[in-house]
Structure formats: C-alpha cells, structure tokens
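What's in coords15.cif: mmCIF, C-alpha atoms
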data_start
loop_
_atom_site.group_PDB
_atom_site.id
_atom_site.type_symbol
_atom_site.label_atom_id
_atom_site.label_comp_id
_atom_site.auth_asym_id
_atom_site.auth_seq_id
_atom_site.Cartn_x
_atom_site.Cartn_y
_atom_site.Cartn_z
ATOM 1 C CA MET U 1 -19.880 25.834 -18.210
ATOM 2 C CA LYS U 2 -21.928 23.788 -15.730
ATOM 3 C CA LEU U 3 -20.478 20.577 -17.183
ATOM 4 C CA PHE U 4 -16.952 21.938 -16.773
ATOM 5 C CA SER U 5 -17.666 22.850 -13.121
ATOM 6 C CA LEU U 6 -19.121 19.421 -12.436
ATOM 7 C CA LEU U 7 -16.104 17.684 -13.979
ATOM 8 C CA PHE U 8 -13.732 19.881 -11.971
ATOM 9 C CA LEU U 9 -15.514 19.037 -8.714
ATOM 10 C CA LEU U 10 -15.541 15.334 -9.573
ATOM 11 C CA ALA U 11 -11.826 15.371 -10.361
ATOM 12 C CA PHE U 12 -10.987 17.405 -7.255
ATOM 13 C CA SER U 13 -13.013 15.169 -4.937
ATOM 14 C CA SER U 14 -11.522 12.014 -6.455
ATOM 15 C CA CYS U 15 -7.971 13.229 -5.746
ATOM 16 C CA SER U 16 -8.439 12.438 -2.062
ATOM 17 C CA SER U 17 -9.714 8.888 -2.661
ATOM 18 C CA ALA U 18 -7.786 6.122 -1.012
ATOM 19 C CA ALA U 19 -5.268 4.006 -2.830
ATOM 20 C CA PHE U 20 -5.403 0.342 -1.991
ATOM 21 C CA ILE U 21 -3.477 -2.913 -2.207
ATOM 22 C CA THR U 22 -5.341 -6.202 -2.513
ATOM 23 C CA PHE U 23 -3.978 -9.644 -1.694
ATOM 24 C CA THR U 24 -5.785 -12.921 -2.364
ATOM 25 C CA GLY U 25 -4.633 -16.487 -1.963
ATOM 26 C CA THR U 26 -5.046 -19.781 -0.207
ATOM 27 C CA PHE U 27 -3.354 -21.139 2.901
ATOM 28 C CA VAL U 28 -2.389 -24.800 2.640
ATOM 29 C CA ASP U 29 -1.574 -25.175 6.347
ATOM 30 C CA ASP U 30 -3.540 -23.918 9.369
ATOM 31 C CA ASP U 31 -0.438 -22.289 10.869
ATOM 32 C CA GLU U 32 0.648 -20.332 7.784
ATOM 33 C CA ARG U 33 1.338 -16.622 7.965
ATOM 34 C CA PHE U 34 1.024 -14.130 5.113
ATOM 35 C CA TYR U 35 3.216 -11.007 5.273
ATOM 36 C CA MET U 36 2.135 -7.784 3.520
ATOM 37 C CA PRO U 37 4.778 -5.013 3.539
ATOM 38 C CA PHE U 38 3.662 -1.466 2.709
ATOM 39 C CA THR U 39 4.765 2.139 3.172
ATOM 40 C CA VAL U 40 2.882 5.317 4.006
ATOM 41 C CA THR U 41 4.378 8.603 2.840
ATOM 42 C CA ASP U 42 2.885 10.876 5.520
ATOM 43 C CA THR U 43 0.791 10.619 8.682
ATOM 44 C CA THR U 44 -2.470 9.022 7.601
ATOM 45 C CA ASP U 45 -5.277 6.663 8.556
ATOM 46 C CA VAL U 46 -4.737 3.136 7.268
ATOM 47 C CA THR U 47 -7.386 0.418 7.081
ATOM 48 C CA ILE U 48 -6.429 -3.248 6.773
ATOM 49 C CA THR U 49 -9.391 -5.585 6.249
ATOM 50 C CA SER U 50 -9.734 -9.317 5.607
ATOM 51 C CA PHE U 51 -12.654 -10.606 3.526
ATOM 52 C CA GLY U 52 -12.332 -14.405 3.433
ATOM 53 C CA TYR U 53 -14.661 -15.583 6.202
ATOM 54 C CA SER U 54 -17.757 -13.474 5.498
ATOM 55 C CA GLY U 55 -16.869 -12.314 2.001
ATOM 56 C CA GLY U 56 -17.648 -8.902 0.572
ATOM 57 C CA ASP U 57 -16.709 -6.364 -2.083
ATOM 58 C CA LEU U 58 -13.182 -4.991 -2.432
ATOM 59 C CA LEU U 59 -12.623 -1.364 -3.468
ATOM 60 C CA ASP U 60 -11.991 -2.514 -7.063
ATOM 61 C CA ASN U 61 -15.480 -4.113 -7.026
ATOM 62 C CA THR U 62 -14.087 -7.659 -6.897
ATOM 63 C CA PHE U 63 -16.565 -9.841 -5.027
ATOM 64 C CA ILE U 64 -15.014 -12.228 -2.492
ATOM 65 C CA PRO U 65 -17.281 -15.183 -1.608
ATOM 66 C CA GLU U 66 -17.644 -16.262 2.010
ATOM 67 C CA GLY U 67 -16.208 -19.557 3.201
ATOM 68 C CA GLY U 68 -12.582 -18.775 4.080
ATOM 69 C CA PHE U 69 -10.966 -19.276 7.475
ATOM 70 C CA ASP U 70 -11.389 -17.186 10.648
ATOM 71 C CA THR U 71 -8.700 -14.514 10.267
ATOM 72 C CA VAL U 72 -6.588 -12.446 12.640
ATOM 73 C CA LEU U 73 -4.537 -9.433 11.502
ATOM 74 C CA PHE U 74 -1.384 -8.035 13.102
ATOM 75 C CA LEU U 75 0.405 -4.776 12.304
ATOM 76 C CA PHE U 76 4.132 -4.212 12.865
ATOM 77 C CA SER U 77 6.635 -1.492 12.010
ATOM 78 C CA SER U 78 9.441 -2.442 9.631
ATOM 79 C CA ILE U 79 11.721 -3.124 12.628
ATOM 80 C CA GLY U 80 9.180 -5.464 14.246
ATOM 81 C CA GLU U 81 7.477 -3.153 16.737
ATOM 82 C CA PHE U 82 4.051 -4.647 17.511
ATOM 83 C CA ILE U 83 1.545 -1.849 16.787
ATOM 84 C CA ASN U 84 -1.928 -3.376 16.701
ATOM 85 C CA SER U 85 -4.008 -6.501 16.071
ATOM 86 C CA ASN U 86 -7.624 -7.478 15.495
ATOM 87 C CA ASP U 87 -9.495 -10.758 15.600
ATOM 88 C CA ASP U 88 -13.085 -9.963 14.591
ATOM 89 C CA ARG U 89 -14.204 -6.712 12.978
ATOM 90 C CA SER U 90 -17.745 -7.121 14.314
ATOM 91 C CA LEU U 91 -19.943 -9.439 16.360
ATOM 92 C CA THR U 92 -21.246 -11.017 13.162
ATOM 93 C CA SER U 93 -18.017 -11.376 11.157
ATOM 94 C CA PHE U 94 -14.975 -13.521 11.877
ATOM 95 C CA ASP U 95 -13.012 -11.370 9.426
ATOM 96 C CA ALA U 96 -10.494 -8.978 10.953
ATOM 97 C CA GLU U 97 -9.934 -5.234 10.525
ATOM 98 C CA ILE U 98 -7.308 -2.817 11.802
ATOM 99 C CA ILE U 99 -7.849 0.937 11.510
ATOM 100 C CA ASP U 100 -4.908 2.963 12.772
ATOM 101 C CA THR U 101 -3.224 6.326 12.244
ATOM 102 C CA LEU U 102 0.354 5.718 11.106
ATOM 103 C CA THR U 103 3.259 8.088 10.604
ATOM 104 C CA ALA U 104 5.416 8.052 7.471
ATOM 105 C CA GLY U 105 7.391 4.831 7.286
ATOM 106 C CA SER U 106 7.372 1.154 6.384
ATOM 107 C CA TYR U 107 5.075 -1.411 7.955
ATOM 108 C CA VAL U 108 4.161 -5.084 7.721
ATOM 109 C CA ALA U 109 0.663 -6.492 8.126
ATOM 110 C CA VAL U 110 0.478 -10.209 8.940
ATOM 111 C CA LEU U 111 -2.528 -12.450 8.332
ATOM 112 C CA VAL U 112 -2.970 -15.657 10.348
ATOM 113 C CA GLN U 113 -5.761 -18.056 11.204
ATOM 114 C CA TYR U 114 -7.627 -17.589 14.498
ATOM 115 C CA ASN U 115 -5.791 -18.640 17.649
ATOM 116 C CA ASN U 116 -2.343 -18.212 16.081
ATOM 117 C CA PHE U 117 -1.677 -15.315 18.441
ATOM 118 C CA LEU U 118 1.645 -13.890 19.602
ATOM 119 C CA ASN U 119 3.428 -15.708 22.428
ATOM 120 C CA GLY U 120 3.665 -13.060 25.149
ATOM 121 C CA ALA U 121 4.390 -10.024 22.943
ATOM 122 C CA ALA U 122 2.789 -6.803 24.163
ATOM 123 C CA GLN U 123 1.926 -3.811 22.012
ATOM 124 C CA GLY U 124 4.968 -1.572 21.725
ATOM 125 C CA SER U 125 7.463 -4.434 22.079
ATOM 126 C CA THR U 126 9.875 -5.219 19.253
ATOM 127 C CA VAL U 127 9.831 -8.833 18.076
ATOM 128 C CA ASP U 128 11.156 -11.071 15.308
ATOM 129 C CA ILE U 129 7.988 -11.350 13.225
ATOM 130 C CA ASN U 130 9.516 -14.160 11.148
ATOM 131 C CA GLY U 131 10.465 -16.285 14.142
ATOM 132 C CA ASP U 132 8.310 -19.388 14.579
ATOM 133 C CA SER U 133 8.601 -19.148 18.367
ATOM 134 C CA LEU U 134 6.696 -15.826 18.317
ATOM 135 C CA TRP U 135 3.536 -17.466 16.969
ATOM 136 C CA ALA U 136 1.396 -19.785 19.123
ATOM 137 C CA GLY U 137 -0.045 -21.842 16.259
ATOM 138 C CA SER U 138 -3.756 -22.079 15.533
ATOM 139 C CA GLY U 139 -4.413 -25.546 16.967
ATOM 140 C CA ALA U 140 -6.986 -25.937 14.174
ATOM 141 C CA ILE U 141 -7.317 -28.797 11.730
ATOM 142 C CA ASN U 142 -8.429 -28.229 8.135
ATOM 143 C CA PHE U 143 -9.424 -24.598 8.772
ATOM 144 C CA GLU U 144 -12.285 -25.493 11.089
ATOM 145 C CA ASP U 145 -13.601 -22.406 12.884
ATOM 146 C CA ILE U 146 -14.407 -22.037 16.584
ATOM 147 C CA THR U 147 -17.966 -23.302 15.978
ATOM 148 C CA GLY U 148 -16.637 -26.510 14.383
ATOM 149 C CA SER U 149 -17.698 -25.485 10.863
ATOM 150 C CA ASP U 150 -15.449 -26.535 7.978
ATOM 151 C CA ARG U 151 -13.850 -23.603 6.171
ATOM 152 C CA THR U 152 -11.385 -23.258 3.282
ATOM 153 C CA GLY U 153 -7.869 -21.801 3.283
ATOM 154 C CA ASN U 154 -8.991 -18.915 1.038
ATOM 155 C CA TYR U 155 -8.323 -15.324 2.057
ATOM 156 C CA ALA U 156 -8.493 -11.782 0.727
ATOM 157 C CA VAL U 157 -6.933 -8.748 2.414
ATOM 158 C CA GLN U 158 -7.134 -5.102 1.422
ATOM 159 C CA ILE U 159 -4.931 -2.292 2.734
ATOM 160 C CA SER U 160 -6.197 1.215 1.999
ATOM 161 C CA SER U 161 -5.011 4.751 2.711
ATOM 162 C CA ASP U 162 -4.604 8.050 0.895
ATOM 163 C CA ARG U 163 -0.801 7.903 1.396
ATOM 164 C CA LEU U 164 -0.084 4.281 0.484
ATOM 165 C CA VAL U 165 2.853 2.724 -1.375
ATOM 166 C CA ALA U 166 3.488 -1.014 -1.805
ATOM 167 C CA ASP U 167 6.847 -2.714 -2.193
ATOM 168 C CA ASP U 168 5.598 -3.668 -5.658
ATOM 169 C CA ALA U 169 4.111 -0.438 -7.051
ATOM 170 C CA GLU U 170 2.003 -2.402 -9.551
ATOM 171 C CA LYS U 171 -0.121 -3.701 -6.674
ATOM 172 C CA VAL U 172 -1.298 -0.232 -5.618
ATOM 173 C CA SER U 173 -4.560 0.817 -7.246
ATOM 174 C CA ALA U 174 -5.932 4.327 -7.191
ATOM 175 C CA PRO U 175 -8.988 4.553 -9.404
ATOM 176 C CA SER U 176 -9.203 8.301 -8.885
ATOM 177 C CA THR U 177 -5.814 8.769 -10.581
ATOM 178 C CA LEU U 178 -7.077 7.111 -13.755
ATOM 179 C CA LEU U 179 -10.250 9.212 -13.626
ATOM 180 C CA LEU U 180 -8.285 12.425 -13.138
ATOM 181 C CA PHE U 181 -5.903 11.557 -16.003
ATOM 182 C CA SER U 182 -8.873 10.812 -18.303
ATOM 183 C CA LEU U 183 -10.517 14.128 -17.414
ATOM 184 C CA VAL U 184 -7.328 16.057 -18.151
ATOM 185 C CA LEU U 185 -7.196 14.443 -21.596
ATOM 186 C CA LEU U 186 -10.867 15.226 -22.247
ATOM 187 C CA LEU U 187 -10.782 18.863 -21.090
ATOM 188 C CA PRO U 188 -9.693 20.397 -24.423
ATOM 189 C CA ALA U 189 -12.506 18.593 -26.251
ATOM 190 C CA LEU U 190 -15.062 19.647 -23.635
ATOM 191 C CA ARG U 191 -14.010 23.303 -23.829
ATOM 192 C CA ARG U 192 -14.680 23.375 -27.589
ATOM 193 C CA LYS U 193 -18.213 22.029 -27.044
ATOM 194 C CA LEU U 194 -18.990 24.503 -24.264
#

As structure tokens - that is how I would like this structure written.
Amino acid sequence: MKLFSLLFLLAFSSCSSAAFITFTGTFVDDDERFYMPFTVTDTTDVTITSFGYSGGDLLDNTFIPEGGFDTVLFLFSSIGEFINSNDDRSLTSFDAEIIDTLTAGSYVAVLVQYNNFLNGAAQGSTVDINGDSLWAGSGAINFEDITGSDRTGNYAVQISSDRLVADDAEKVSAPSTLLLFSLVLLLPALRRKL
C-alpha cells in the first residue's frame, strides 16, 4: 500500500510540471532574427531562456555547450504588441531570460544578437515584428561579443510553462505526461503485487 501511495503522489506532483519547447540552431548572419510562436491556454507564468552564450542543461537534459553569441530576447503578442525584453539574465551570463505572467492567447518570442534592439518601440506599443526597419541591427561582425571575444552563431532557446502549446504540437515536451501514462498502465500490475 505504501508503494501505491508513493506512486500516486509522484504522479500527482508530476501533473503540474511545466511543458517546454526547445529550439536550437545557428545564425549565419549577425542581424538574423529567430521567431518562436507559441500559445498559452490560461493565465500562467512563462519562462523563455537562451542557452547559447554560457551553455547549460535544457529541461530534457540536453547539454548545450557555451560559445554561442550574446543573445537578446523579445516577447510580443500575436498582433505585435511589445510585451517584454531581456538582454542578460545575470551579471555573469550574456544569455537572456524573460519571465512573465501571460493571459491565454498567442505570442511570439524573438531571438536576436546583442545590440539588435528595437528602433524606438516602447513596451505596450504595437509594431510590425517582421519589418526590417523595426530592428536596429547588431553592428557586430562574426558574432563578436561586447568584450571583443569571437563567438559562434549557435543558439538554444527554451520556452516553458504549465499551459503551453506550440504551433507544431510535436515540439512540446511534457515528461510528466509520459510518466503519468506509464503509471496508469502499471497500476493493475502493482495492485496484484500489493
């Protein structure tokens, strides 16, 4: 009976785990932009984190090596309302991170290289996120960072939330769902042994 209780608690606690979408790739040009559309189904906290510059572990345990470019993240609503941005997630990392509470709806996160900021757009304003005139351009050459160090065009971005849906549903991972499904299949066998 103790085993059954433990499995129930594990399954119940894993139901609230965050789903996540992971994007990896390589910029060829310093002024590239990478657009990541996603939807949240209810009011929820969303975390968008880049991992290319300093590296780190994604939620699926994929290790991202350091060496990528200095990233900046922007967050927009589906109609182009500028919601939030972040340049550096800490004093020691040139990777970016946005943590925001979003209401149900569709959103677009945009990844750019440092210094490719918005030309005069203020938070709350609605802009054409695809328009080249919106973006200032990085002014960098060959992904060099602000210290003059050579970097690569490699990036990794993870979007996580407990109410997350991607445009391509295959990109959304929720390890807790697989665990819960496995436990449901194993329950009859466990009951016989208890």

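Compared by their closest atoms to Thr47 (chain U), and using all atoms listed in the file, the residues U:Ser77, U:Thr71, U:Asn86, U:Gln113 rank with U:Asn86 nearest.
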
Need the shell around Asn142 (chain U): protein/DNA/RNA residues with any atom at most 8 Å away, counting all atoms listed in the file. Skip same-chain ones fewer than 3 positions apart. Format as number ranges by chain? U: 29-30, 150-152

Any idea what the distance is between CA of Ser106 (chain U) and CA of Ile159 (chain U)? 13.3 Å

The PyMOL selection byres ((chain U and resi 74) around 10) on the file shown: which residues, as a list in words? Tyr35, Ile48, Val72, Leu73, Leu75, Phe76, Phe82, Ile83, Asn84, Ser85, Asn86, Asp87, Ala96, Glu97, Ile98, Val108, Ala109, Val110, Leu111, Val112, Phe117, Leu118 and Ile129 of chain U

What residues have an atom no more than 7 Å from (-1.3, 4.5, 9.2) in the file's own frame, counting all atoms listed in the file, and can you write them as a PyMOL selection string? chain U and resi 40+43-46+100-103

Enumerate, as a PyMOL selection string, the residues matched when the PyMOL selection byres ((chain U and resi 134) around 9) is run on the file above. chain U and resi 117-121+127-133+135-136

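The residue that comes closest to Gly148 (chain U), out of U:Asp42, U:Asp57, U:Asp70, U:Asp88 and on the basis of all atoms listed in the file, is U:Asp70.
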
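Computed from the coordinates, the CA of Gly153 (chain U) to CA of Phe38 (chain U) distance equals 23.4 Å.
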
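We find CA of Pro37 (chain U) and CA of Gly25 (chain U) to be spaced 15.8 Å apart.
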
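Using all atoms listed in the file, the smallest distance between any of U:Ala140, U:Thr147, U:Phe34, U:Gly68 and Asp95 (chain U) comes from U:Gly68.
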
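With only C-alpha atoms as the basis for measurement, U:Val157 is the residue among U:Ile146, U:Val157, U:Ala166, U:Ala19 that approaches Phe51 (chain U) most closely.
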
Starting from the PyMOL selection byres ((chain U and resi 126) around 6), expand the selection into actual residues of this file and give them as a PyMOL selection string. chain U and resi 80-81+125+127

Taking into account all atoms listed in the file, which residue in the set U:Gly137, U:Gly55, U:Gly124, U:Pro65 is nearest to Phe94 (chain U)? U:Gly55

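Excluding Ala156 (chain U) itself and same-chain residues fewer than 4 positions from it, the residues having an atom within 8 Å of it are U:Thr22, U:Phe23, U:Thr24, U:Gly25, U:Ser50, U:Phe51, U:Gly52, U:Ile64, counting all atoms listed in the file.
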
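For the set U:Asp162, U:Ser90, U:Met36, U:Ile141, the residue with the smallest atom-to-atom gap to Phe69 (chain U) is U:Ile141, counting all atoms listed in the file.
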